[in-house]
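Have a look at the structure below, then the notes.
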Amino acid sequence: MNNDTNSAGNGNGRRVGTVRQVVVTAAALALTATVAFAVLADESAGQSAGAAGGKTAGASTTIDSALPAPTVDMAIVRESEDDGKAVNLTLDDGPDPRWTPMALELLKRYKAKAVFCLTGPNAAAHPDLVRRIVAEGHRLCDHSVSHDVAMDKKPVSYQEKEILDAKHMIDEASGGERIWYYRAPGGAFTAQSRQIAAAHGMRNLGWNVDPGDFRQPGADTLVRAVKEQLSMGPTVLLHDGGGNRAQTMEAMERLLPWFAEEGYTFSFPKAS
């Protein structure tokens, strides 16, 4: 009898131990899944921010007292000044003596406007194109001196010099025309670089649509990518400098009339 009772008790003990082990294992798995989900969510958020024209490192809106105070909103802007169905065209890495005049001619033909994100040395080398950009109703954007896509990993003093030296070169080339925006190369914004730009009256310019024209995938691919990505927002990233931009010009020649046919108006990103 005692043997039977002890045997039953041992069985119950084993069952209780097994249940406890199952519960602990389930809890551990649940915790692991939660952590994994959080990591994936963070990575996804970072990828989304980068794809939309600004890395997560630049997301803070905390003012750095060691830097001049912003005079315009230091948040990254992607939305349009105009309500309704609008598109904001932006062209990076110029001005280029071959491709920028082509872009300007296309924009004039289709009564479109754009933001030209200029590197300082290119602006200094081609002041006639900088002045033409302004004269034809487009806006200027500071795109740094060196186009360093790792700027966000460099000291604040380096970031400040890249932004303000480029601004000085563009000011000299344009005759002091307003520089409306600053766009970090590759979206490599930081809170400090955004504050530096905003302290000098430049909104930080992101993007929604990036067809990857710098990779030269072909005009068909570029046109298709722009049309597909427009649901993400109005600001389109293209290039008129930094390489052979024949595919971009062909894509623009097809996209500009398409925008008009589809009822889009040509606008600018918000600057206030």
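Going by the structure tokens order, chains are called A, B, ..., each with residues numbered from 1, while ligands are numbered from 1 in the order shown.
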- Message: I'd like the neighbourhood of A:Leu256 as a count of residues only, where a residue qualifies if any of its atoms comes within 8 Å (using only C-alpha atoms), though same-chain residues fewer than 5 positions away should be ignored.
- Response: 3
- Message: Taking 6 positions as the minimum chain separation for residues in the same chain, which residues sit within 10 Å of A:Arg194 when counting only C-alpha atoms? Answer as a PyMOL selection string.
- Response: chain A and resi 58-61+63+70+73-76+159-160+163+182-184+202-205
- List every residue of stretch 106-189 of chain A that DSSP, applied to the backbone of this structure, assigns to helix (DSSP H, G or I), and report them as JSON, numbers by chain. {"A": [106, 107, 108, 109, 120, 121, 122, 123, 124, 125, 127, 128, 129, 130, 131, 132, 133, 134, 135, 151, 152, 153, 156, 157, 158, 159, 160, 161, 162, 163, 164, 165, 166, 167, 168, 169, 170, 171, 172, 173, 174, 185, 186, 187]}
Considering only C-alpha atoms, tabulate each residue of stretch 164-223 of chain A that lies at most 8 Å from stretch 133-139 of chain A along with its nearest interatomic pair and the corresponding distance in Å to one decimal; arrange the rows by chain and ascending residue number and present them as CSV.
residue,atom,partner,partner_atom,distance
A:Ser174,CA,A:Val134,CA,7.8
A:Glu177,CA,A:Val134,CA,7.7
A:Ile179,CA,A:Arg139,CA,7.2
A:Trp180,CA,A:Arg139,CA,6.6
With C-alpha atoms retained, write the just-selected residues as a PDB file, in the first residue's frame.
ATOM      1  CA  SER A 174      23.710  82.856 -56.694  1.00  0.00           C
ATOM      2  CA  GLU A 177      19.519  84.202 -53.270  1.00  0.00           C
ATOM      3  CA  ILE A 179      18.670  78.710 -49.959  1.00  0.00           C
ATOM      4  CA  TRP A 180      15.409  77.110 -48.913  1.00  0.00           C
TER       5      TRP A 180
END
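Counting only C-alpha atoms and comparing A:Tyr158, A:Arg78, A:Leu89, A:Asp240, the residue that lies closest to A:Val226 is A:Leu89.
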Counting only C-alpha atoms, which residues of stretch 70-137 of chain A fall within 9 Å of stretch 264-270 of chain A, and what is the closest atom pair for each with its distance in Å at one decimal, ordered by chain and rising number, as CSV?
residue,atom,partner,partner_atom,distance
A:Val77,CA,A:Lys270,CA,6.6
A:Arg78,CA,A:Pro269,CA,6.1
A:Glu79,CA,A:Pro269,CA,5.6
A:Ser80,CA,A:Pro269,CA,4.4
A:Glu81,CA,A:Lys270,CA,4.6
A:Asp82,CA,A:Ser267,CA,6.3
A:Gly84,CA,A:Tyr264,CA,8.4
A:Lys85,CA,A:Tyr264,CA,5.1
A:Ala86,CA,A:Thr265,CA,4.6
A:Val87,CA,A:Phe266,CA,5.3
A:Asn88,CA,A:Phe268,CA,5.1
A:Leu89,CA,A:Phe268,CA,7.5
A:Thr90,CA,A:Phe268,CA,8.8
A:Lys111,CA,A:Phe266,CA,8.4
A:Ala112,CA,A:Phe266,CA,5.7
A:Lys113,CA,A:Phe266,CA,6.1
A:Ala114,CA,A:Phe268,CA,7.0
A:Val115,CA,A:Phe268,CA,7.2
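Here atom CA of A:Thr119 is placed at a distance of 28.1 Å from atom CA of A:Arg224.
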- Point-to-point distance from atom CA of A:Asp210 to atom CA of A:Met102, Å rounded to tenths: 20.4 Å
- Å distance separating atom CA of A:His126 from atom CA of A:Pro217, one decimal place: 28.0 Å
- Nearest to A:Ala173 among A:Ala246, A:Ala125, A:Ala251, A:Ala271, with distances taken over only C-alpha atoms: which residue is it? A:Ala125
- Task: Excluding A:Thr71 and residues on its chain fewer than 4 positions from it, collect all residues at most 7 Å away from it, counting only C-alpha atoms, and give them as a ChimeraX atom specification.
- Result: /A:198-201
